[in-house]
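Asks: Below is one structure. I have some questions about it.
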Amino acid sequence: MDPVTTPVTADLLRGAVEIRPTAHGPRPMRLPRRALAQAPDPMMDHIAAQTSGVRLALRTRATVVELDALPTKRTFTGAPPRPAGVYDLLVDGRLTAQGHVDGGDTLVIDMATGAVAHRRGPVGTVRFTGLPDRDKDVEIWLPHNEATIPVALRTDAPVAPAPAGGRRVWLHHGSSISHGSDAAGPTATWPAVAALRAGVDLVNLGLSGNAMVDPFTARTLREVPADAISVKLGINVVNQDAMHRRAFGPAVHGFLDTVREGHPDTPLLVVSPIHCAIHEEVPGPTQMDMSALAEGRLSYRAGGDAAARAAGRLALADIRGELARIVADRAADDPHLHYLDGLELYGEADAAELPLPDSLHPDTAAHRRIGERFADLALGAGGPLA
């Protein structure tokens with residue numbers, strides 16, 4: 001082809017909270033710099049740079065589209081290699097093709113010591129061909145599990161930013177399950193499944209390991225324009241045994257107060273954790289199953305003691321009770337605040353049919369079920385976010 005080269009600029013990107021300039025191109029971020037400065041997790045900058053829900057949105061007649069990108073991949077010492085990040089191409093809202101980018105940087109993480117080594121690598125290219133020869137909307141969803149810098153597009157026809165479609169913006173915050181965990185691709189994460197099914201524009205602040213009721217996350221939600229907001233809280237609090245009952249309730253109240261400062265009347269849905277057998281009745285912390293790791297697979301176990309719940313340590317059953325109580329207490333003064341029990345999205349019967357492969361994260365089939373149910377229960381007609 002006689003290529004048209006188009007640098008990737010902010011007006012082509014959707015789903016990012018902040019764009020950080022780099023020597024290669026714009027780095028989409030899902031938390032702003034001021035929030036990351038307050039984050040105690042040393043991996044938080046990388047987590048926020050993983051492009052879950054971030055996509056390029058184009059209007060073009062091109063039949064061939066190439067994207068140069070610089071991904072940052074992760075490997076874990078002693079664990080099997082993680083699958084390469086997937087790029088999903090949608091034409092007029094339908095998944096049409098998938099691809100990978102070779103090369104890129106690599107983070108080598110030692111789970112035993114916490115040490116992280118950063119190895120530099122080259123920019124790579126993903127190529128899509130055979131697109132229909134007509135004007136169309138094209139989206140390239142970037143990998144949900146890799147930090148990604150989209151560098152430039154090469155096409156056989158000019159591209160322009162896709163026009164605003166007038167769709168509602170759904171802003172969501174949650175844990176690694178919302179981030180995408182073990183989904184097979186960026187449009188297979190449950191928030192992407194729900195957004196595409198409901199016809200809304202997604203801004204996904206699912207932050208792996210960091211749905212911790214943090215004030216800096218609440219302030220970010222406060223500042224992002226949105227027509228509907230959901231916050232899925234609890235599993236990471238249990239994972240890290242981060243709060244006991246005395247601290248958790250006031251923290252959630254403060255989190256919601258902050259969100260309401262910027263969105264006083266926006267429909268706001270509090271979602272409790274999905275079923276997770278290891279923590280239903282047993283508090284955290286969550287521990288890696290070292291015997292499974294020795295066999296070359298990732299799995300987790302509960303490290304707490306069920307008897308400690310009497311002293312205020314939290315299992316998932318306690319989290320659900322607290323969240324339901326808090327929403328009920330606030331609802332009299334906030335008619336746009338709602339609660340969704342996560343067991344309606346994925347409960348014990350679902351776990352028997354579609355078990356969590358590592359005892360903590362859903363696979364692609366479970367992501368689809370959760371996303372479809374969320375779209376119907378929350379975003380669809382008659383739902384609290386409709």
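Ordering of the structure tokens sets the chain letters (A, B, ...); residue numbers start at 1 within each chain; ligands are numbered from 1 in the order shown.
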Determine, counting only C-alpha atoms, which protein, DNA and RNA residues have an atom within 9 Å of an atom of region 371-386 of chain A; residues of the same chain fewer than 6 positions away are not included. Present the result as a PyMOL selection string.
Replies: chain A and resi 170+188-198+200+227-230+266-269+336-340+344-346
Asks: Output as a ChimeraX atom specification all residues of region 216-292 of chain A that backbone DSSP marks as helix (DSSP H, G or I).
Replies: /A:216-223,235-239,245-262,277-279,290-292
Asks: Take the selection from the previous step and output its residues with N, CA and C atoms, as a short mmCIF file (atom, residue, chain, number, x, y, z; two decimals), in the first residue's frame.
Replies:
```cif
data_model
loop_
_atom_site.label_atom_id
_atom_site.label_comp_id
_atom_site.auth_asym_id
_atom_site.auth_seq_id
_atom_site.Cartn_x
_atom_site.Cartn_y
_atom_site.Cartn_z
N PHE A 216 -7.21 9.21 47.04
CA PHE A 216 -6.75 9.76 45.76
C PHE A 216 -7.54 9.17 44.59
N THR A 217 -8.02 7.94 44.72
CA THR A 217 -8.88 7.38 43.68
C THR A 217 -10.24 8.05 43.69
N ALA A 218 -10.78 8.29 44.87
CA ALA A 218 -12.07 8.99 44.96
C ALA A 218 -11.98 10.38 44.34
N ARG A 219 -10.87 11.07 44.58
CA ARG A 219 -10.71 12.40 43.98
C ARG A 219 -10.61 12.31 42.46
N THR A 220 -9.98 11.26 41.96
CA THR A 220 -9.94 11.07 40.51
C THR A 220 -11.34 10.86 39.95
N LEU A 221 -12.12 9.99 40.57
CA LEU A 221 -13.50 9.78 40.13
C LEU A 221 -14.29 11.08 40.18
N ARG A 222 -14.05 11.87 41.19
CA ARG A 222 -14.75 13.15 41.33
C ARG A 222 -14.52 14.06 40.13
N GLU A 223 -13.31 14.00 39.54
CA GLU A 223 -12.93 14.95 38.50
C GLU A 223 -13.24 14.46 37.09
N ILE A 235 -12.82 -6.70 47.70
CA ILE A 235 -11.95 -7.86 47.60
C ILE A 235 -10.50 -7.50 47.92
N ASN A 236 -10.01 -6.35 47.48
CA ASN A 236 -8.62 -6.00 47.78
C ASN A 236 -8.41 -5.65 49.24
N VAL A 237 -9.44 -5.11 49.87
CA VAL A 237 -9.35 -4.85 51.31
C VAL A 237 -9.14 -6.16 52.06
N VAL A 238 -9.85 -7.21 51.64
CA VAL A 238 -9.68 -8.53 52.24
C VAL A 238 -8.35 -9.14 51.84
N ASN A 239 -7.99 -9.05 50.56
CA ASN A 239 -6.73 -9.62 50.08
C ASN A 239 -5.55 -9.19 50.94
N ARG A 245 -13.37 -3.82 60.49
CA ARG A 245 -14.72 -3.27 60.36
C ARG A 245 -14.77 -1.80 60.80
N ARG A 246 -14.08 -1.47 61.89
CA ARG A 246 -14.12 -0.10 62.40
C ARG A 246 -13.65 0.92 61.37
N ALA A 247 -12.65 0.58 60.59
CA ALA A 247 -12.09 1.52 59.61
C ALA A 247 -12.82 1.48 58.28
N PHE A 248 -13.33 0.32 57.89
CA PHE A 248 -13.87 0.16 56.55
C PHE A 248 -15.11 1.03 56.33
N GLY A 249 -16.07 1.00 57.24
CA GLY A 249 -17.30 1.75 57.04
C GLY A 249 -17.06 3.24 56.87
N PRO A 250 -16.36 3.91 57.79
CA PRO A 250 -16.08 5.33 57.60
C PRO A 250 -15.29 5.63 56.34
N ALA A 251 -14.38 4.73 55.95
CA ALA A 251 -13.61 4.95 54.73
C ALA A 251 -14.53 4.95 53.51
N VAL A 252 -15.48 4.02 53.46
CA VAL A 252 -16.42 3.99 52.33
C VAL A 252 -17.28 5.24 52.32
N HIS A 253 -17.77 5.68 53.49
CA HIS A 253 -18.54 6.93 53.56
C HIS A 253 -17.72 8.10 53.00
N GLY A 254 -16.45 8.20 53.41
CA GLY A 254 -15.61 9.29 52.91
C GLY A 254 -15.38 9.20 51.43
N PHE A 255 -15.17 7.99 50.93
CA PHE A 255 -14.97 7.78 49.50
C PHE A 255 -16.19 8.27 48.72
N LEU A 256 -17.37 7.88 49.15
CA LEU A 256 -18.60 8.29 48.46
C LEU A 256 -18.83 9.79 48.59
N ASP A 257 -18.52 10.35 49.75
CA ASP A 257 -18.65 11.81 49.92
C ASP A 257 -17.80 12.55 48.89
N THR A 258 -16.57 12.08 48.68
CA THR A 258 -15.67 12.75 47.74
C THR A 258 -16.19 12.63 46.32
N VAL A 259 -16.64 11.44 45.92
CA VAL A 259 -17.19 11.27 44.57
C VAL A 259 -18.38 12.21 44.37
N ARG A 260 -19.21 12.32 45.39
CA ARG A 260 -20.41 13.16 45.30
C ARG A 260 -20.09 14.65 45.19
N GLU A 261 -18.91 15.07 45.62
CA GLU A 261 -18.53 16.48 45.46
C GLU A 261 -18.49 16.89 44.00
N GLY A 262 -18.10 15.97 43.13
CA GLY A 262 -18.05 16.29 41.70
C GLY A 262 -19.24 15.79 40.92
N ALA A 277 -14.60 -18.36 46.97
CA ALA A 277 -14.77 -19.35 48.03
C ALA A 277 -13.72 -19.23 49.13
N ILE A 278 -12.48 -18.92 48.77
CA ILE A 278 -11.43 -18.92 49.78
C ILE A 278 -11.62 -17.82 50.82
N HIS A 279 -12.39 -16.76 50.46
CA HIS A 279 -12.54 -15.63 51.37
C HIS A 279 -13.98 -15.34 51.77
N MET A 290 2.34 -21.70 47.33
CA MET A 290 3.69 -22.00 46.86
C MET A 290 3.80 -23.42 46.31
N SER A 291 2.97 -24.33 46.80
CA SER A 291 3.01 -25.69 46.23
C SER A 291 2.53 -25.68 44.79
N ALA A 292 1.52 -24.86 44.49
CA ALA A 292 1.06 -24.74 43.11
C ALA A 292 2.13 -24.08 42.25
#
```
Asks: Between A:Thr63, A:Thr187, A:Gln240, A:Ser52, which residue has the minimum interatomic distance to Arg30 (chain A), considering only C-alpha atoms?
Replies: A:Ser52
Asks: Write out, as a tab-separated table, each residue of region 29-71 of chain A that has an atom at most 7 Å from region 121-145 of chain A, together with the closest pair of atoms and their distance in Å to one decimal, counting only C-alpha atoms, rows going by chain and rising number.
Replies:
```
residue	atom	partner	partner_atom	distance
A:Gln50	CA	A:Asn145	CA	5.6
A:Thr51	CA	A:His144	CA	5.0
A:Ser52	CA	A:His144	CA	3.6
A:Gly53	CA	A:His144	CA	6.6
A:Val54	CA	A:Leu142	CA	5.9
A:Arg55	CA	A:Trp141	CA	4.1
A:Leu56	CA	A:Ile140	CA	5.1
A:Ala57	CA	A:Glu139	CA	4.6
A:Leu58	CA	A:Val138	CA	5.1
A:Arg59	CA	A:Asp137	CA	4.7
A:Thr60	CA	A:Asp135	CA	5.4
A:Arg61	CA	A:Asp135	CA	4.4
A:Ala62	CA	A:Asp133	CA	6.6
A:Thr63	CA	A:Leu131	CA	4.2
A:Val64	CA	A:Thr129	CA	4.5
A:Val65	CA	A:Phe128	CA	5.2
A:Glu66	CA	A:Arg127	CA	4.4
A:Leu67	CA	A:Val126	CA	5.4
A:Asp68	CA	A:Thr125	CA	4.4
A:Ala69	CA	A:Gly124	CA	5.6
A:Leu70	CA	A:Val123	CA	4.6
```
Asks: Just the selected residues (N, CA, C and O atoms), exported as a PDB file, in the first residue's frame, please.
Replies:
```pdb
ATOM      1  N   GLN A  50      -1.306   0.436  32.459  1.00  0.00           N
ATOM      2  CA  GLN A  50      -1.890  -0.672  31.712  1.00  0.00           C
ATOM      3  C   GLN A  50      -3.220  -0.198  31.133  1.00  0.00           C
ATOM      4  O   GLN A  50      -4.057   0.355  31.837  1.00  0.00           O
ATOM      5  N   THR A  51      -3.431  -0.437  29.851  1.00  0.00           N
ATOM      6  CA  THR A  51      -4.441   0.290  29.088  1.00  0.00           C
ATOM      7  C   THR A  51      -5.794  -0.426  29.048  1.00  0.00           C
ATOM      8  O   THR A  51      -6.424  -0.559  28.003  1.00  0.00           O
ATOM      9  N   SER A  52      -6.260  -0.884  30.198  1.00  0.00           N
ATOM     10  CA  SER A  52      -7.569  -1.538  30.248  1.00  0.00           C
ATOM     11  C   SER A  52      -8.663  -0.526  29.897  1.00  0.00           C
ATOM     12  O   SER A  52      -8.813   0.505  30.553  1.00  0.00           O
ATOM     13  N   GLY A  53      -9.413  -0.827  28.853  1.00  0.00           N
ATOM     14  CA  GLY A  53     -10.485   0.060  28.410  1.00  0.00           C
ATOM     15  C   GLY A  53     -10.055   1.201  27.512  1.00  0.00           C
ATOM     16  O   GLY A  53     -10.897   1.915  26.984  1.00  0.00           O
ATOM     17  N   VAL A  54      -8.747   1.359  27.305  1.00  0.00           N
ATOM     18  CA  VAL A  54      -8.255   2.450  26.467  1.00  0.00           C
ATOM     19  C   VAL A  54      -8.234   1.989  25.017  1.00  0.00           C
ATOM     20  O   VAL A  54      -7.782   0.878  24.710  1.00  0.00           O
ATOM     21  N   ARG A  55      -8.706   2.837  24.124  1.00  0.00           N
ATOM     22  CA  ARG A  55      -8.760   2.453  22.705  1.00  0.00           C
ATOM     23  C   ARG A  55      -8.551   3.676  21.816  1.00  0.00           C
ATOM     24  O   ARG A  55      -8.773   4.811  22.232  1.00  0.00           O
ATOM     25  N   LEU A  56      -8.079   3.397  20.592  1.00  0.00           N
ATOM     26  CA  LEU A  56      -8.032   4.404  19.544  1.00  0.00           C
ATOM     27  C   LEU A  56      -9.357   4.358  18.800  1.00  0.00           C
ATOM     28  O   LEU A  56      -9.837   3.270  18.458  1.00  0.00           O
ATOM     29  N   ALA A  57      -9.934   5.521  18.566  1.00  0.00           N
ATOM     30  CA  ALA A  57     -11.243   5.598  17.909  1.00  0.00           C
ATOM     31  C   ALA A  57     -11.093   6.433  16.652  1.00  0.00           C
ATOM     32  O   ALA A  57     -10.816   7.636  16.707  1.00  0.00           O
ATOM     33  N   LEU A  58     -11.286   5.788  15.475  1.00  0.00           N
ATOM     34  CA  LEU A  58     -10.996   6.400  14.183  1.00  0.00           C
ATOM     35  C   LEU A  58     -12.233   6.383  13.298  1.00  0.00           C
ATOM     36  O   LEU A  58     -13.091   5.516  13.410  1.00  0.00           O
ATOM     37  N   ARG A  59     -12.267   7.343  12.390  1.00  0.00           N
ATOM     38  CA  ARG A  59     -13.192   7.309  11.258  1.00  0.00           C
ATOM     39  C   ARG A  59     -12.334   7.249  10.012  1.00  0.00           C
ATOM     40  O   ARG A  59     -11.477   8.108   9.781  1.00  0.00           O
ATOM     41  N   THR A  60     -12.524   6.212   9.168  1.00  0.00           N
ATOM     42  CA  THR A  60     -11.632   6.023   8.036  1.00  0.00           C
ATOM     43  C   THR A  60     -12.276   5.107   7.006  1.00  0.00           C
ATOM     44  O   THR A  60     -13.212   4.364   7.303  1.00  0.00           O
ATOM     45  N   ARG A  61     -11.724   5.173   5.794  1.00  0.00           N
ATOM     46  CA  ARG A  61     -12.098   4.239   4.730  1.00  0.00           C
ATOM     47  C   ARG A  61     -11.027   3.174   4.545  1.00  0.00           C
ATOM     48  O   ARG A  61     -11.129   2.313   3.653  1.00  0.00           O
ATOM     49  N   ALA A  62     -10.002   3.178   5.371  1.00  0.00           N
ATOM     50  CA  ALA A  62      -8.839   2.305   5.191  1.00  0.00           C
ATOM     51  C   ALA A  62      -9.237   0.833   5.248  1.00  0.00           C
ATOM     52  O   ALA A  62     -10.107   0.426   6.026  1.00  0.00           O
ATOM     53  N   THR A  63      -8.572   0.042   4.417  1.00  0.00           N
ATOM     54  CA  THR A  63      -8.744  -1.413   4.454  1.00  0.00           C
ATOM     55  C   THR A  63      -7.567  -2.102   5.135  1.00  0.00           C
ATOM     56  O   THR A  63      -7.636  -3.289   5.431  1.00  0.00           O
ATOM     57  N   VAL A  64      -6.480  -1.355   5.351  1.00  0.00           N
ATOM     58  CA  VAL A  64      -5.304  -1.852   6.053  1.00  0.00           C
ATOM     59  C   VAL A  64      -4.949  -0.849   7.141  1.00  0.00           C
ATOM     60  O   VAL A  64      -4.866   0.357   6.877  1.00  0.00           O
ATOM     61  N   VAL A  65      -4.746  -1.351   8.349  1.00  0.00           N
ATOM     62  CA  VAL A  65      -4.372  -0.495   9.476  1.00  0.00           C
ATOM     63  C   VAL A  65      -3.203  -1.148  10.202  1.00  0.00           C
ATOM     64  O   VAL A  65      -3.282  -2.316  10.609  1.00  0.00           O
ATOM     65  N   GLU A  66      -2.125  -0.402  10.327  1.00  0.00           N
ATOM     66  CA  GLU A  66      -0.981  -0.838  11.133  1.00  0.00           C
ATOM     67  C   GLU A  66      -0.812   0.119  12.301  1.00  0.00           C
ATOM     68  O   GLU A  66      -0.939   1.335  12.143  1.00  0.00           O
ATOM     69  N   LEU A  67      -0.518  -0.428  13.462  1.00  0.00           N
ATOM     70  CA  LEU A  67      -0.258   0.389  14.643  1.00  0.00           C
ATOM     71  C   LEU A  67       1.120   0.034  15.180  1.00  0.00           C
ATOM     72  O   LEU A  67       1.394  -1.121  15.507  1.00  0.00           O
ATOM     73  N   ASP A  68       2.002   1.032  15.255  1.00  0.00           N
ATOM     74  CA  ASP A  68       3.260   0.890  15.975  1.00  0.00           C
ATOM     75  C   ASP A  68       2.997   1.183  17.446  1.00  0.00           C
ATOM     76  O   ASP A  68       2.335   2.173  17.781  1.00  0.00           O
ATOM     77  N   ALA A  69       3.517   0.337  18.322  1.00  0.00           N
ATOM     78  CA  ALA A  69       3.283   0.514  19.750  1.00  0.00           C
ATOM     79  C   ALA A  69       4.474   0.002  20.533  1.00  0.00           C
ATOM     80  O   ALA A  69       5.216  -0.882  20.084  1.00  0.00           O
ATOM     81  N   LEU A  70       4.653   0.570  21.722  1.00  0.00           N
ATOM     82  CA  LEU A  70       5.683   0.108  22.651  1.00  0.00           C
ATOM     83  C   LEU A  70       4.990  -0.419  23.903  1.00  0.00           C
ATOM     84  O   LEU A  70       4.566   0.356  24.755  1.00  0.00           O
TER      85      LEU A  70
END
```
Asks: What's the 8 Å shell around region 179-182 of chain A, counting only C-alpha atoms, without same-chain residues fewer than 2 positions away, as a PyMOL selection string?
Replies: chain A and resi 52+144-145+174-177+184+186+188-190+204-208+361-364
Asks: Select, from A:Asp350, A:Asp265, A:Asp102, A:Glu146, the residue with the minimum atom-to-atom distance to Gly185 (chain A), counting only C-alpha atoms.
Replies: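 Of all the options, A:Glu146 lies closest to Gly185 (chain A).
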Asks: Considering only C-alpha atoms, can you say which of A:Ala157, A:Val224, A:Ser299, A:Val108 comes closest to His172 (chain A)?
Replies: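 Closest residue, counting only C-alpha atoms: A:Val224.
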Asks: What gap, in Å, lies between CA of Ala164 (chain A) and CA of Pro3 (chain A)?
Replies: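 Computing it gives 26.2 Å between the two atoms.
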Asks: Per DSSP on the backbone, what are the strand (DSSP E) residues of region 69-105 of chain A, as a ChimeraX atom specification?
Replies: /A:69-76,87-91,94-99,105
Asks: Measuring atom to atom with only C-alpha atoms, identify which of A:Thr72, A:Arg27, A:Val327, A:Asn210 is nearest to Leu13 (chain A).
Replies: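 Closest to Leu13 (chain A), using only C-alpha atoms: A:Arg27.
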Asks: Contacts of Met111 (chain A) at 12 Å or less, counting only C-alpha atoms, minus same-chain residues fewer than 6 places along, as a list in words?
Replies: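 Here the answer would be Arg74, Thr75, Phe76, Thr77, Gly78, Ala79, Ala117, Gln287, Met288, Asp289, Met290, Leu293 and Leu298 of chain A.
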Asks: Between A:Ala147, A:Leu316, A:Ala226, A:Val231, single out the one closest to Pro264 (chain A), counting only C-alpha atoms.
Replies: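 Selected residue with least distance to Pro264 (chain A): A:Ala226.
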Asks: Could you check the closest approach to Arg320 (chain A) for each of A:Pro26, A:Pro158, A:Pro81, A:Gly234 and tell me which residue wins, using only C-alpha atoms?
Replies: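 For Arg320 (chain A), the nearest of the candidates is A:Gly234.
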